[in-house]
file protein.txt (compact mmCIF, C-alpha atoms and all ligand atoms)
# COMPACT_ATOMS: atom_id res chain seq x y z
CA MET A 1 -88.33 43.41 54.30
CA THR A 2 -91.22 45.52 55.53
CA SER A 3 -94.10 46.40 53.24
CA LYS A 4 -93.02 50.04 53.33
CA LEU A 5 -89.64 49.12 51.89
CA SER A 6 -91.16 47.07 49.10
CA LYS A 7 -92.53 50.37 47.72
CA VAL A 8 -89.06 51.78 47.20
CA ILE A 9 -88.40 53.95 44.17
CA VAL A 10 -84.85 53.70 42.84
CA ILE A 11 -83.79 56.78 40.89
CA LYS A 12 -80.65 57.10 38.82
CA ILE A 13 -79.62 60.63 37.99
CA GLY A 14 -77.23 61.11 35.11
CA GLY A 15 -74.24 63.36 35.55
CA SER A 16 -75.30 65.24 32.46
CA THR A 17 -78.78 66.16 33.71
CA LEU A 18 -77.77 67.76 36.99
CA GLY A 19 -77.56 71.27 35.62
CA SER A 20 -78.47 74.56 37.28
CA HIS A 21 -82.06 74.56 35.94
CA ASP A 22 -82.70 71.04 37.05
CA THR A 23 -85.75 70.38 39.23
CA THR A 24 -84.69 66.85 40.17
CA ILE A 25 -83.53 67.88 43.63
CA GLU A 26 -86.83 69.67 44.35
CA ASP A 27 -88.72 66.59 43.15
CA ILE A 28 -86.69 64.28 45.39
CA VAL A 29 -87.44 66.51 48.40
CA GLU A 30 -91.14 66.55 47.47
CA LEU A 31 -91.36 62.77 47.05
CA GLN A 32 -89.65 62.32 50.38
CA ARG A 33 -92.13 64.74 51.96
CA GLN A 34 -94.91 62.54 50.59
CA GLY A 35 -93.40 59.63 52.52
CA LYS A 36 -92.02 57.67 49.55
CA PRO A 37 -88.92 55.60 50.36
CA LEU A 38 -86.29 56.51 47.77
CA VAL A 39 -82.81 55.42 46.84
CA VAL A 40 -80.88 57.74 44.54
CA VAL A 41 -77.88 56.55 42.55
CA HIS A 42 -75.83 59.10 40.66
CA GLY A 43 -73.27 59.07 37.89
CA GLY A 44 -70.59 61.64 37.45
CA GLY A 45 -70.22 61.87 33.66
CA LYS A 46 -68.90 65.29 32.74
CA LEU A 47 -67.33 66.17 36.08
CA ILE A 48 -65.18 63.05 36.04
CA THR A 49 -63.97 63.91 32.56
CA ASP A 50 -63.28 67.51 33.65
CA TRP A 51 -61.25 66.36 36.64
CA LEU A 52 -59.41 63.72 34.65
CA THR A 53 -58.45 66.46 32.18
CA LYS A 54 -57.30 68.72 35.02
CA GLN A 55 -55.10 65.88 36.27
CA GLY A 56 -53.86 65.11 32.76
CA VAL A 57 -55.45 61.63 32.73
CA SER A 58 -57.14 60.75 29.42
CA SER A 59 -60.51 58.91 29.18
CA ARG A 60 -61.50 56.02 26.98
CA PHE A 61 -64.96 54.40 26.72
CA VAL A 62 -65.89 50.83 25.75
CA GLN A 63 -69.64 50.25 25.19
CA GLY A 64 -70.58 53.33 27.15
CA GLU A 65 -68.37 52.41 30.08
CA ARG A 66 -65.23 54.23 31.11
CA VAL A 67 -61.95 52.32 31.12
CA THR A 68 -60.55 52.67 34.62
CA ASP A 69 -56.82 52.35 35.30
CA GLN A 70 -55.28 53.13 38.72
CA PRO A 71 -54.89 56.92 38.19
CA THR A 72 -58.42 57.10 36.74
CA LEU A 73 -59.80 55.13 39.68
CA GLU A 74 -58.37 57.62 42.16
CA VAL A 75 -60.00 60.55 40.38
CA VAL A 76 -63.26 58.63 39.95
CA ILE A 77 -63.52 57.84 43.67
CA ALA A 78 -62.61 61.39 44.66
CA VAL A 79 -65.10 62.99 42.29
CA LEU A 80 -67.99 60.52 42.63
CA ALA A 81 -67.94 59.78 46.36
CA GLY A 82 -66.66 63.27 47.21
CA LEU A 83 -67.63 66.16 45.02
CA VAL A 84 -70.72 64.87 43.21
CA ASN A 85 -72.16 62.94 46.15
CA LYS A 86 -71.77 65.81 48.59
CA ASP A 87 -73.17 68.35 46.12
CA ILE A 88 -76.35 66.31 45.78
CA VAL A 89 -76.67 65.63 49.51
CA ALA A 90 -76.07 69.30 50.33
CA ALA A 91 -78.62 70.42 47.73
CA ILE A 92 -81.30 68.10 49.15
CA ASN A 93 -80.60 68.90 52.79
CA SER A 94 -80.48 72.63 52.18
CA ARG A 95 -83.99 72.39 50.69
CA GLY A 96 -85.33 70.68 53.79
CA GLY A 97 -84.90 67.06 52.66
CA ARG A 98 -83.18 64.32 54.64
CA ALA A 99 -80.35 62.79 52.65
CA VAL A 100 -77.27 60.76 53.59
CA GLY A 101 -74.50 60.23 51.08
CA ILE A 102 -72.93 56.80 50.90
CA SER A 103 -71.10 54.70 48.37
CA GLY A 104 -71.23 50.98 47.73
CA VAL A 105 -68.19 50.65 50.00
CA ASP A 106 -70.18 51.86 53.00
CA GLY A 107 -71.86 49.08 54.92
CA ALA A 108 -70.22 46.78 52.33
CA MET A 109 -73.29 47.46 50.23
CA ILE A 110 -71.86 46.59 46.82
CA GLU A 111 -69.65 43.53 46.63
CA GLY A 112 -68.05 43.21 43.25
CA GLN A 113 -65.23 41.77 41.28
CA ILE A 114 -63.26 42.97 38.29
CA GLY A 115 -65.64 42.40 35.38
CA ASP A 116 -63.73 42.66 32.18
CA MET A 117 -59.97 43.29 32.24
CA ASP A 118 -60.36 45.45 29.11
CA LYS A 119 -62.32 47.96 31.19
CA GLY A 120 -59.79 48.02 34.05
CA TYR A 121 -60.98 48.52 37.60
CA VAL A 122 -64.65 48.49 36.72
CA GLY A 123 -66.72 46.28 38.94
CA ALA A 124 -69.22 43.61 38.06
CA VAL A 125 -71.75 43.38 40.89
CA VAL A 126 -71.63 40.06 42.73
CA LYS A 127 -73.91 40.89 45.63
CA VAL A 128 -75.87 43.82 47.00
CA ASN A 129 -76.20 43.97 50.79
CA THR A 130 -79.27 46.11 51.25
CA GLY A 131 -78.96 46.49 55.06
CA ILE A 132 -77.49 49.98 55.04
CA LEU A 133 -80.15 51.20 52.58
CA GLU A 134 -82.95 49.70 54.66
CA SER A 135 -81.60 51.25 57.87
CA LEU A 136 -81.38 54.68 56.29
CA MET A 137 -84.84 54.48 54.73
CA ALA A 138 -86.33 53.18 57.98
CA ALA A 139 -84.93 56.32 59.62
CA ASP A 140 -86.56 58.45 56.86
CA PHE A 141 -83.33 59.28 55.08
CA VAL A 142 -82.86 59.04 51.36
CA PRO A 143 -79.56 57.28 50.64
CA ILE A 144 -77.61 59.01 47.88
CA VAL A 145 -75.37 56.34 46.42
CA ALA A 146 -72.06 56.95 44.65
CA PRO A 147 -71.33 53.98 42.35
CA VAL A 148 -68.12 52.85 43.98
CA GLY A 149 -67.95 49.42 45.61
CA LEU A 150 -65.79 46.74 47.14
CA ASN A 151 -63.38 44.60 45.17
CA ALA A 152 -64.50 41.68 47.30
CA HIS A 153 -64.22 38.55 45.18
CA GLY A 154 -61.09 36.99 43.68
CA ARG A 155 -59.13 40.20 44.13
CA PRO A 156 -55.73 39.89 42.43
CA ALA A 157 -52.65 40.77 44.51
CA LYS A 158 -51.96 44.51 44.36
CA ALA A 159 -55.40 45.28 42.91
CA PRO A 160 -57.17 48.09 44.79
CA PRO A 161 -59.88 47.26 47.38
CA THR A 162 -62.30 49.65 45.69
CA LEU A 163 -63.80 49.47 42.21
CA ASN A 164 -65.63 51.88 39.96
CA PHE A 165 -69.11 50.72 38.94
CA ASN A 166 -71.37 51.92 36.20
CA ALA A 167 -74.10 53.91 37.97
CA ASP A 168 -76.81 52.47 35.72
CA VAL A 169 -75.73 48.93 36.64
CA VAL A 170 -75.71 49.79 40.35
CA ALA A 171 -79.22 51.28 40.12
CA GLY A 172 -80.52 48.14 38.40
CA GLU A 173 -78.86 45.81 40.89
CA ILE A 174 -80.17 47.78 43.89
CA ALA A 175 -83.70 47.79 42.44
CA ALA A 176 -83.48 44.03 41.87
CA ALA A 177 -82.07 43.32 45.34
CA ILE A 178 -84.60 45.49 47.13
CA GLY A 179 -87.59 44.42 45.02
CA ALA A 180 -88.25 48.07 44.23
CA GLU A 181 -91.62 49.19 43.01
CA ARG A 182 -90.09 51.33 40.31
CA LEU A 183 -86.71 52.08 38.76
CA ILE A 184 -86.39 55.46 37.06
CA PHE A 185 -83.48 56.67 34.93
CA LEU A 186 -83.22 60.41 34.42
CA THR A 187 -81.13 61.18 31.40
CA ASP A 188 -80.49 63.81 28.71
CA VAL A 189 -82.75 62.44 25.95
CA ALA A 190 -86.52 62.14 25.71
CA GLY A 191 -86.31 58.39 26.38
CA ILE A 192 -85.39 55.47 24.15
CA LEU A 193 -85.60 56.58 20.53
CA ASP A 194 -86.23 54.42 17.48
CA LYS A 195 -84.01 54.52 14.40
CA SER A 196 -85.72 57.62 13.05
CA GLY A 197 -85.30 59.40 16.38
CA LYS A 198 -88.93 58.99 17.52
CA LEU A 199 -89.66 58.34 21.18
CA LEU A 200 -90.73 54.80 22.06
CA PRO A 201 -93.16 55.20 24.98
CA HIS A 202 -93.62 51.51 25.80
CA LEU A 203 -91.31 48.57 25.31
CA SER A 204 -91.55 44.93 26.30
CA PRO A 205 -88.30 43.40 27.55
CA HIS A 206 -88.05 41.60 24.25
CA ASP A 207 -88.42 44.82 22.23
CA ALA A 208 -85.70 46.39 24.38
CA GLU A 209 -83.37 43.45 23.72
CA ALA A 210 -84.01 43.81 20.00
CA LEU A 211 -83.12 47.54 20.06
CA MET A 212 -79.74 46.69 21.58
CA ALA A 213 -79.12 43.80 19.19
CA SER A 214 -79.89 45.96 16.14
CA GLY A 215 -77.64 48.78 17.34
CA VAL A 216 -80.50 51.33 17.45
CA ALA A 217 -79.81 51.63 21.17
CA SER A 218 -76.11 52.16 21.77
CA GLY A 219 -73.51 53.85 23.98
CA GLY A 220 -74.81 55.13 27.31
CA MET A 221 -78.29 53.71 26.61
CA ILE A 222 -77.03 50.09 26.70
CA PRO A 223 -76.25 49.89 30.44
CA LYS A 224 -79.59 51.58 31.17
CA ILE A 225 -81.61 49.06 29.17
CA LYS A 226 -79.65 46.16 30.63
CA ALA A 227 -80.25 47.53 34.12
CA CYS A 228 -83.99 47.77 33.43
CA LEU A 229 -84.07 44.16 32.22
CA ARG A 230 -82.09 43.04 35.26
CA ALA A 231 -84.38 44.91 37.65
CA LEU A 232 -87.52 43.46 36.06
CA SER A 233 -86.81 40.15 37.81
CA SER A 234 -88.31 41.76 40.91
CA THR A 235 -89.26 45.35 40.00
CA ALA A 236 -92.64 46.00 38.41
CA THR A 237 -91.90 49.04 36.28
CA THR A 238 -88.75 50.59 34.87
CA CYS A 239 -88.55 53.86 32.96
CA ILE A 240 -86.08 56.09 31.21
CA ILE A 241 -87.15 59.74 31.22
CA ASP A 242 -85.88 63.16 30.21
CA GLY A 243 -84.28 64.74 33.28
CA ARG A 244 -84.03 68.07 31.48
CA GLN A 245 -87.82 68.53 31.57
CA PRO A 246 -89.14 70.49 34.57
CA HIS A 247 -90.45 68.12 37.27
CA ALA A 248 -89.82 65.07 35.11
CA LEU A 249 -89.44 62.94 38.21
CA LEU A 250 -92.74 63.98 39.82
CA ARG A 251 -94.51 63.42 36.53
CA ALA A 252 -92.94 59.98 36.18
CA MET A 253 -94.70 58.98 39.39
CA GLY A 254 -98.09 59.58 37.79
CA LYS A 255 -100.01 57.05 35.76
CA ARG A 256 -98.84 58.36 32.40
CA SER A 257 -95.09 58.78 32.61
CA ALA A 258 -93.27 60.57 29.83
CA GLY A 259 -90.23 58.90 28.33
CA THR A 260 -89.96 55.15 27.84
CA THR A 261 -91.44 52.52 30.11
CA ILE A 262 -90.10 48.97 29.97
CA LYS A 263 -92.41 46.53 31.67
CA ALA A 264 -92.76 42.79 31.60
CA VAL A 265 -95.93 42.20 29.65
CA LEU A 266 -98.31 39.74 31.21
CA ARG A 267 -98.58 37.28 28.40
CA GLN A 268 -100.53 34.08 28.29
CA PRO A 269 -98.57 30.88 27.64
CA GLU A 270 -100.71 30.14 24.56
CA GLU A 271 -99.04 33.06 22.83
CA ILE A 272 -95.78 31.15 22.56
CA ALA A 273 -95.20 29.64 19.16
CA PRO A 274 -95.63 25.85 19.17
CA MET A 275 -92.41 23.97 19.72
CA GLY A 276 -90.96 21.49 17.24
CA GLU A 277 -90.63 17.79 18.08
CA ALA A 278 -86.98 18.11 19.12
CA MET A 279 -87.90 20.80 21.58
CA GLU A 280 -90.74 18.77 23.00
CA ALA A 281 -88.28 15.97 23.75
CA VAL A 282 -86.08 18.42 25.65
CA PHE A 283 -88.97 19.48 27.84
CA ALA A 284 -90.53 16.00 28.23
CA PRO A 285 -89.16 15.38 31.78
CA LEU A 286 -91.03 18.39 33.14
CA THR A 287 -94.29 18.04 35.04
CA SER A 288 -97.28 19.96 33.73
CA ARG A 289 -96.85 22.51 36.54
CA GLU A 290 -93.20 23.00 35.59
CA THR A 291 -94.09 23.36 31.93
CA GLN A 292 -96.73 25.92 32.84
CA ILE A 293 -94.22 27.95 34.89
CA LEU A 294 -91.60 27.67 32.17
CA ASN A 295 -94.10 28.99 29.65
CA TYR A 296 -94.88 31.94 31.86
CA VAL A 297 -91.15 32.64 32.26
CA ALA A 298 -90.58 32.33 28.53
CA SER A 299 -93.47 34.72 27.93
CA GLY A 300 -91.56 37.43 29.74
CA ASN A 301 -93.32 37.33 33.13
CA THR A 302 -91.30 37.95 36.28
CA ASN A 303 -91.22 35.51 39.19
CA LYS A 304 -93.35 37.97 41.14
CA GLN A 305 -95.98 38.08 38.42
CA ILE A 306 -96.04 34.29 38.04
CA ALA A 307 -96.43 33.91 41.80
CA ALA A 308 -99.41 36.29 41.64
CA ILE A 309 -100.98 34.44 38.71
CA LEU A 310 -100.59 31.01 40.33
CA GLN A 311 -101.39 32.25 43.83
CA VAL A 312 -98.22 30.84 45.39
CA SER A 313 -95.18 32.47 46.97
CA GLU A 314 -92.32 33.84 44.92
CA GLN A 315 -90.07 31.33 46.70
CA THR A 316 -92.24 28.47 45.39
CA ILE A 317 -91.75 29.75 41.86
CA LYS A 318 -88.00 30.03 42.45
CA ASN A 319 -87.92 26.45 43.75
CA HIS A 320 -89.82 25.23 40.69
CA ILE A 321 -87.40 27.04 38.38
CA GLY A 322 -84.49 25.43 40.25
CA GLY A 323 -86.12 22.03 39.68
CA ILE A 324 -86.65 22.79 35.99
CA LEU A 325 -82.99 23.75 35.53
CA ARG A 326 -81.84 20.56 37.26
CA LYS A 327 -84.02 18.43 34.98
CA LEU A 328 -82.76 20.00 31.78
CA ASN A 329 -79.13 18.97 31.51
CA ALA A 330 -76.43 21.22 30.06
CA LYS A 331 -76.59 19.70 26.59
CA ASP A 332 -80.32 20.22 26.35
CA ARG A 333 -80.02 23.73 27.64
CA ALA A 334 -77.50 24.47 24.89
CA HIS A 335 -79.88 22.84 22.42
CA ALA A 336 -82.74 24.99 23.65
CA VAL A 337 -80.63 28.11 23.33
CA VAL A 338 -79.59 27.23 19.79
CA LYS A 339 -83.22 26.66 18.89
CA GLY A 340 -83.97 30.20 19.94
CA VAL A 341 -85.81 29.37 23.15
CA ARG A 342 -83.47 31.46 25.20
CA PHE A 343 -85.30 31.17 28.46
CA LEU A 344 -82.25 30.26 30.50
CA GLU A 345 -79.96 33.10 29.59
CA ASN A 346 -82.79 35.41 28.63
CA PRO A 347 -86.34 34.65 29.58
CA PHE A 348 -88.04 36.09 26.54
CA VAL A 349 -89.05 34.03 23.59
CA ARG A 350 -89.00 35.48 20.14
CA LYS A 351 -92.49 34.71 18.97
CA GLY A 352 -92.58 32.29 16.04
CA LYS A 353 -88.83 31.68 16.02
CA THR A 354 -88.65 28.36 17.84
N1 LIG B 401 -81.85 54.50 20.93
C1 LIG B 401 -81.42 55.50 21.74
N2 LIG B 401 -82.31 56.34 22.29
C2 LIG B 401 -81.91 57.36 23.09
N3 LIG B 401 -80.62 57.62 23.40
C3 LIG B 401 -79.66 56.81 22.90
C4 LIG B 401 -80.02 55.71 22.05
N4 LIG B 401 -78.88 55.07 21.70
C5 LIG B 401 -77.87 55.72 22.28
N5 LIG B 401 -78.30 56.78 23.02
C6 LIG B 401 -77.45 57.71 23.77
O1 LIG B 401 -77.54 57.46 25.17
C7 LIG B 401 -77.33 58.70 25.83
C8 LIG B 401 -77.73 58.60 27.29
O2 LIG B 401 -76.71 57.96 28.06
P1 LIG B 401 -75.55 58.78 28.78
O3 LIG B 401 -74.63 57.78 29.38
O4 LIG B 401 -74.95 59.75 27.82
O5 LIG B 401 -76.30 59.67 29.86
P2 LIG B 401 -76.51 59.43 31.43
O6 LIG B 401 -76.23 58.02 31.77
O7 LIG B 401 -77.84 59.97 31.75
O8 LIG B 401 -75.45 60.37 32.09
P3 LIG B 401 -74.03 60.00 32.74
O9 LIG B 401 -73.49 58.81 32.01
O10 LIG B 401 -73.26 61.24 32.50
O11 LIG B 401 -74.28 59.73 34.19
C9 LIG B 401 -78.11 59.66 25.00
O12 LIG B 401 -77.71 61.00 25.19
C10 LIG B 401 -77.84 59.16 23.58
O13 LIG B 401 -76.71 59.83 23.03
MG MG B 402 -74.26 57.03 31.33
call {"tool": "encode", "arguments": {"input": "protein.txt", "output": "structure tokens", "more": "lines below"}}
Ligand SMILES: Nc1ncnc2c1ncn2[C@@H]1O[C@H](COP(=O)(O)OP(=O)(O)OP(=O)(O)O)[C@@H](O)[C@H]1O
Ligand SMILES: [Mg+2]
result
Amino acid sequence: MTSKLSKVIVIKIGGSTLGSHDTTIEDIVELQRQGKPLVVVHGGGKLITDWLTKQGVSSRFVQGERVTDQPTLEVVIAVLAGLVNKDIVAAINSRGGRAVGISGVDGAMIEGQIGDMDKGYVGAVVKVNTGILESLMAADFVPIVAPVGLNAHGRPAKAPPTLNFNADVVAGEIAAAIGAERLIFLTDVAGILDKSGKLLPHLSPHDAEALMASGVASGGMIPKIKACLRALSSTATTCIIDGRQPHALLRAMGKRSAGTTIKAVLRQPEEIAPMGEAMEAVFAPLTSRETQILNYVASGNTNKQIAAILQVSEQTIKNHIGGILRKLNAKDRAHAVVKGVRFLENPFVRKGKT
């Protein structure tokens, strides 16, 4: 990956925010004019529902995600990869931008599998092949991505070759795969709100997890927060902003973004609550270097950040983490999880809860 492409901004635009007064398109054209490599992922929200109604197909949502049966899938593909995608591409190109519309099927970009049978033909991302995105950006195009991808893994007989993906999930996975500089969600609220409806401008990954666990963040906000947390493994900054505000996107590029920013906080290992004796036994086989890295991981730092702190490559950190996982056997991992040190499934320690 070239250094230019490591500065990629991944932008997810919500179906609901692309109204007639929206300045998002203008902002995309302006950012492109400034030479910023961008990837735009879009949803289809209202339009999909409208078209499903026109076709007499009813919609059902589970945890903010649409249940997709075969007739729904056909409408979803037609509307997302056709109508919505081409509207956005046409709007950008007619304002002097350089956009190319693709979906996750094109260039086999998104390889997925059926995630949860309850949600029907909704994909879980298995792999993102970033080649097509890199080629387009290298040629100064902004790829506009419709969240449709390949049913590429363990496809049951008669299941369709194409799956519907949640656009938020796709944006998060692309940001993670590309090592984007920033992931920005444009939506129809001010940002992430607390239980009294007040905007939360800054959240640590752990705070964001807690908002989901407590139910304060729900519905369509859940896949956005999860996508931010996923992207933070290799993306520095993620934010959720109000796409209804004029030039929200341009303003989000400044130092003081509106909305909510979720960022891995650089925490020192000493901040972690001391471990009990049982926990110490679990971690005894680790070298001091491994323990140090594990502490940084558990403090919510990304591999990239740890590599910067320790002045080694990201690959070295990944290798160390692989070694750590091999040393801690499955039983001990389960033990660690039960004790609340959830660094394996979730690398953020609840302070004082070990
Ligand atoms: N704590 C929270 N703070 C802010 N919004 C929340 C919270 N919990 C749930 N939500 C809901 O999440 C919604 C945003 O997600 P939604 O899926 O509706 O929009 P989108 O993803 O931008 O658009 P689309 O899904 O149409 O592409 C908000 O309008 C709000 O109703
Ligand atoms: Mg949504």
call {"tool": "residues_near_ligand", "arguments": {"input": "protein.txt", "ligand": "ligand LIG 401 (chain B)", "cutoff": "7 Å", "atoms": "all atoms listed in the file", "output": "JSON list (two decimals) with C-alpha atoms, in the coordinates of the input"}}
result
[["chain", "number", "residue", "atom", "x", "y", "z"],
["A", 13, "ILE", "CA", -79.62, 60.63, 37.99],
["A", 14, "GLY", "CA", -77.23, 61.11, 35.11],
["A", 15, "GLY", "CA", -74.24, 63.36, 35.55],
["A", 16, "SER", "CA", -75.30, 65.24, 32.46],
["A", 17, "THR", "CA", -78.78, 66.16, 33.71],
["A", 42, "HIS", "CA", -75.83, 59.10, 40.66],
["A", 43, "GLY", "CA", -73.27, 59.07, 37.89],
["A", 44, "GLY", "CA", -70.59, 61.64, 37.45],
["A", 45, "GLY", "CA", -70.22, 61.87, 33.66],
["A", 46, "LYS", "CA", -68.90, 65.29, 32.74],
["A", 64, "GLY", "CA", -70.58, 53.33, 27.15],
["A", 167, "ALA", "CA", -74.10, 53.91, 37.97],
["A", 168, "ASP", "CA", -76.81, 52.47, 35.72],
["A", 186, "LEU", "CA", -83.22, 60.41, 34.42],
["A", 187, "THR", "CA", -81.13, 61.18, 31.40],
["A", 188, "ASP", "CA", -80.49, 63.81, 28.71],
["A", 189, "VAL", "CA", -82.75, 62.44, 25.95],
["A", 191, "GLY", "CA", -86.31, 58.39, 26.38],
["A", 192, "ILE", "CA", -85.39, 55.47, 24.15],
["A", 193, "LEU", "CA", -85.60, 56.58, 20.53],
["A", 194, "ASP", "CA", -86.23, 54.42, 17.48],
["A", 195, "LYS", "CA", -84.01, 54.52, 14.40],
["A", 216, "VAL", "CA", -80.50, 51.33, 17.45],
["A", 217, "ALA", "CA", -79.81, 51.63, 21.17],
["A", 218, "SER", "CA", -76.11, 52.16, 21.77],
["A", 219, "GLY", "CA", -73.51, 53.85, 23.98],
["A", 220, "GLY", "CA", -74.81, 55.13, 27.31],
["A", 221, "MET", "CA", -78.29, 53.71, 26.61]]
call {"tool": "atom_distance", "arguments": {"input": "protein.txt", "atom1": "atom CA of A:Ala210", "atom2": "atom CA of A:Arg256"}}
result
24.2 Å
call {"tool": "closest_residue", "arguments": {"input": "protein.txt", "among": "A:Gly149, A:Pro223, A:Pro246, A:Gly323", "to": "ligand MG 402 (chain B)", "atoms": "all atoms listed in the file"}}
result
A:Pro223
call {"tool": "atom_distance", "arguments": {"input": "protein.txt", "atom1": "atom CA of A:Thr24", "atom2": "atom CA of A:Lys86"}}
result
15.5 Å
call {"tool": "closest_residue", "arguments": {"input": "protein.txt", "among": "A:Gln63, A:Ser135, A:Gln113, A:Thr261", "to": "A:Asn151", "atoms": "all atoms listed in the file"}}
result
A:Gln113
call {"tool": "closest_residue", "arguments": {"input": "protein.txt", "among": "A:Leu229, A:Leu136, A:Ile144, A:Leu47", "to": "A:Val75", "atoms": "all atoms listed in the file"}}
result
A:Leu47
call {"tool": "atom_distance", "arguments": {"input": "protein.txt", "atom1": "atom CA of A:Glu134", "atom2": "atom CA of A:Gly179"}}
result
11.9 Å
call {"tool": "closest_residue", "arguments": {"input": "protein.txt", "among": "A:Ile178, A:Val169, A:Val312, A:Ala298", "to": "ligand MG 402 (chain B)", "atoms": "only C-alpha atoms and all ligand atoms"}}
result
A:Val169
call {"tool": "closest_residue", "arguments": {"input": "protein.txt", "among": "A:Gly56, A:Pro147, A:Gly123, A:Gly35", "to": "ligand MG 402 (chain B)", "atoms": "all atoms listed in the file"}}
result
A:Pro147
call {"tool": "closest_residue", "arguments": {"input": "protein.txt", "among": "A:Arg155, A:Gly322, A:Ile11, A:Gln292", "to": "A:Ile309", "atoms": "all atoms listed in the file"}}
result
A:Gln292
call {"tool": "residues_around", "arguments": {"input": "protein.txt", "residues": "A:Gly131", "least_positions_apart": "6", "cutoff": "10 Å", "atoms": "only C-alpha atoms", "output": "VMD selection string"}}
result
chain A and resid 1 107 to 109 137 178
call {"tool": "residues_around", "arguments": {"input": "protein.txt", "residues": "A:Val125", "least_positions_apart": "3", "cutoff": "7 Å", "atoms": "all atoms listed in the file", "output": "list in words"}}
result
Ile110, Glu111, Gly112 and Gln113 of chain A
call {"tool": "residues_around", "arguments": {"input": "protein.txt", "residues": "A:Lys263", "least_positions_apart": "6", "cutoff": "7 Å", "atoms": "all atoms listed in the file", "output": "list in words"}}
result
Leu203, Ser204, Pro205, Ala236, Thr237 and Thr238 of chain A
call {"tool": "residues_around", "arguments": {"input": "protein.txt", "residues": "stretch 286-290 of chain A", "least_positions_apart": "6", "cutoff": "10 Å", "atoms": "all atoms listed in the file", "output": "list in words"}}
result
Tyr296, Ile317, His320, Ile321, Gly323, Ile324, Leu325, Lys327 and Leu328 of chain A
call {"tool": "write_last_selection", "arguments": {"input": "protein.txt", "atoms": "C-alpha atoms", "output": "short mmCIF file (atom, residue, chain, number, x, y, z; two decimals), in the coordinates of the input"}}
result
data_model
loop_
_atom_site.label_atom_id
_atom_site.label_comp_id
_atom_site.auth_asym_id
_atom_site.auth_seq_id
_atom_site.Cartn_x
_atom_site.Cartn_y
_atom_site.Cartn_z
CA TYR A 296 -94.88 31.94 31.86
CA ILE A 317 -91.75 29.75 41.86
CA HIS A 320 -89.82 25.23 40.69
CA ILE A 321 -87.40 27.04 38.38
CA GLY A 323 -86.12 22.03 39.68
CA ILE A 324 -86.65 22.79 35.99
CA LEU A 325 -82.99 23.75 35.53
CA LYS A 327 -84.02 18.43 34.98
CA LEU A 328 -82.76 20.00 31.78
#
call {"tool": "residues_near_point", "arguments": {"input": "protein.txt", "point": "(-78.9, 61.9, 44.0)", "cutoff": "12 Å", "atoms": "all atoms listed in the file", "output": "JSON, numbers by chain"}}
result
{"A": [10, 11, 12, 13, 14, 15, 17, 18, 23, 24, 25, 26, 27, 28, 29, 38, 39, 40, 41, 42, 43, 44, 80, 81, 84, 85, 86, 87, 88, 89, 90, 91, 92, 93, 97, 98, 99, 100, 101, 102, 103, 142, 143, 144, 145, 146, 147, 167, 171, 185, 186]}
call {"tool": "axis_aligned_box", "arguments": {"input": "protein.txt", "around": "stretch 101-118 of chain A", "padding_each_side": "5 Å", "output": "lines of an AutoDock Vina configuration file"}}
result
center_x = -67.2
center_y = 51.0
center_z = 42.0
size_x = 24.5
size_y = 28.5
size_z = 35.8
call {"tool": "decode", "arguments": {"input": "protein.txt", "residues": "stretch 146-155 of chain A", "atoms": "N, CA and C atoms", "output": "PDB file, in the first residue's frame"}}
result
ATOM      1  N   ALA A 146     -21.792   0.253  -3.220  1.00  0.00           N
ATOM      2  CA  ALA A 146     -23.099  -0.263  -2.780  1.00  0.00           C
ATOM      3  C   ALA A 146     -22.841  -1.536  -1.962  1.00  0.00           C
ATOM      4  N   PRO A 147     -23.465  -1.649  -0.787  1.00  0.00           N
ATOM      5  CA  PRO A 147     -23.156  -2.748   0.120  1.00  0.00           C
ATOM      6  C   PRO A 147     -23.798  -4.082  -0.261  1.00  0.00           C
ATOM      7  N   VAL A 148     -23.362  -4.583  -1.392  1.00  0.00           N
ATOM      8  CA  VAL A 148     -23.797  -5.880  -1.891  1.00  0.00           C
ATOM      9  C   VAL A 148     -22.497  -6.641  -2.119  1.00  0.00           C
ATOM     10  N   GLY A 149     -22.448  -7.916  -1.784  1.00  0.00           N
ATOM     11  CA  GLY A 149     -21.182  -8.638  -1.946  1.00  0.00           C
ATOM     12  C   GLY A 149     -21.394 -10.087  -2.327  1.00  0.00           C
ATOM     13  N   LEU A 150     -20.292 -10.797  -2.429  1.00  0.00           N
ATOM     14  CA  LEU A 150     -20.341 -12.186  -2.888  1.00  0.00           C
ATOM     15  C   LEU A 150     -20.672 -13.151  -1.758  1.00  0.00           C
ATOM     16  N   ASN A 151     -21.508 -14.112  -2.073  1.00  0.00           N
ATOM     17  CA  ASN A 151     -21.782 -15.223  -1.164  1.00  0.00           C
ATOM     18  C   ASN A 151     -20.705 -16.268  -1.480  1.00  0.00           C
ATOM     19  N   ALA A 152     -19.522 -16.081  -0.916  1.00  0.00           N
ATOM     20  CA  ALA A 152     -18.338 -16.776  -1.419  1.00  0.00           C
ATOM     21  C   ALA A 152     -17.881 -17.944  -0.550  1.00  0.00           C
ATOM     22  N   HIS A 153     -18.445 -18.079   0.638  1.00  0.00           N
ATOM     23  CA  HIS A 153     -17.922 -19.097   1.558  1.00  0.00           C
ATOM     24  C   HIS A 153     -19.047 -19.969   2.103  1.00  0.00           C
ATOM     25  N   GLY A 154     -18.917 -21.260   1.879  1.00  0.00           N
ATOM     26  CA  GLY A 154     -19.901 -22.230   2.406  1.00  0.00           C
ATOM     27  C   GLY A 154     -21.301 -21.954   1.892  1.00  0.00           C
ATOM     28  N   ARG A 155     -21.398 -21.603   0.620  1.00  0.00           N
ATOM     29  CA  ARG A 155     -22.709 -21.236   0.059  1.00  0.00           C
ATOM     30  C   ARG A 155     -23.590 -22.471  -0.068  1.00  0.00           C
TER      31      ARG A 155
END
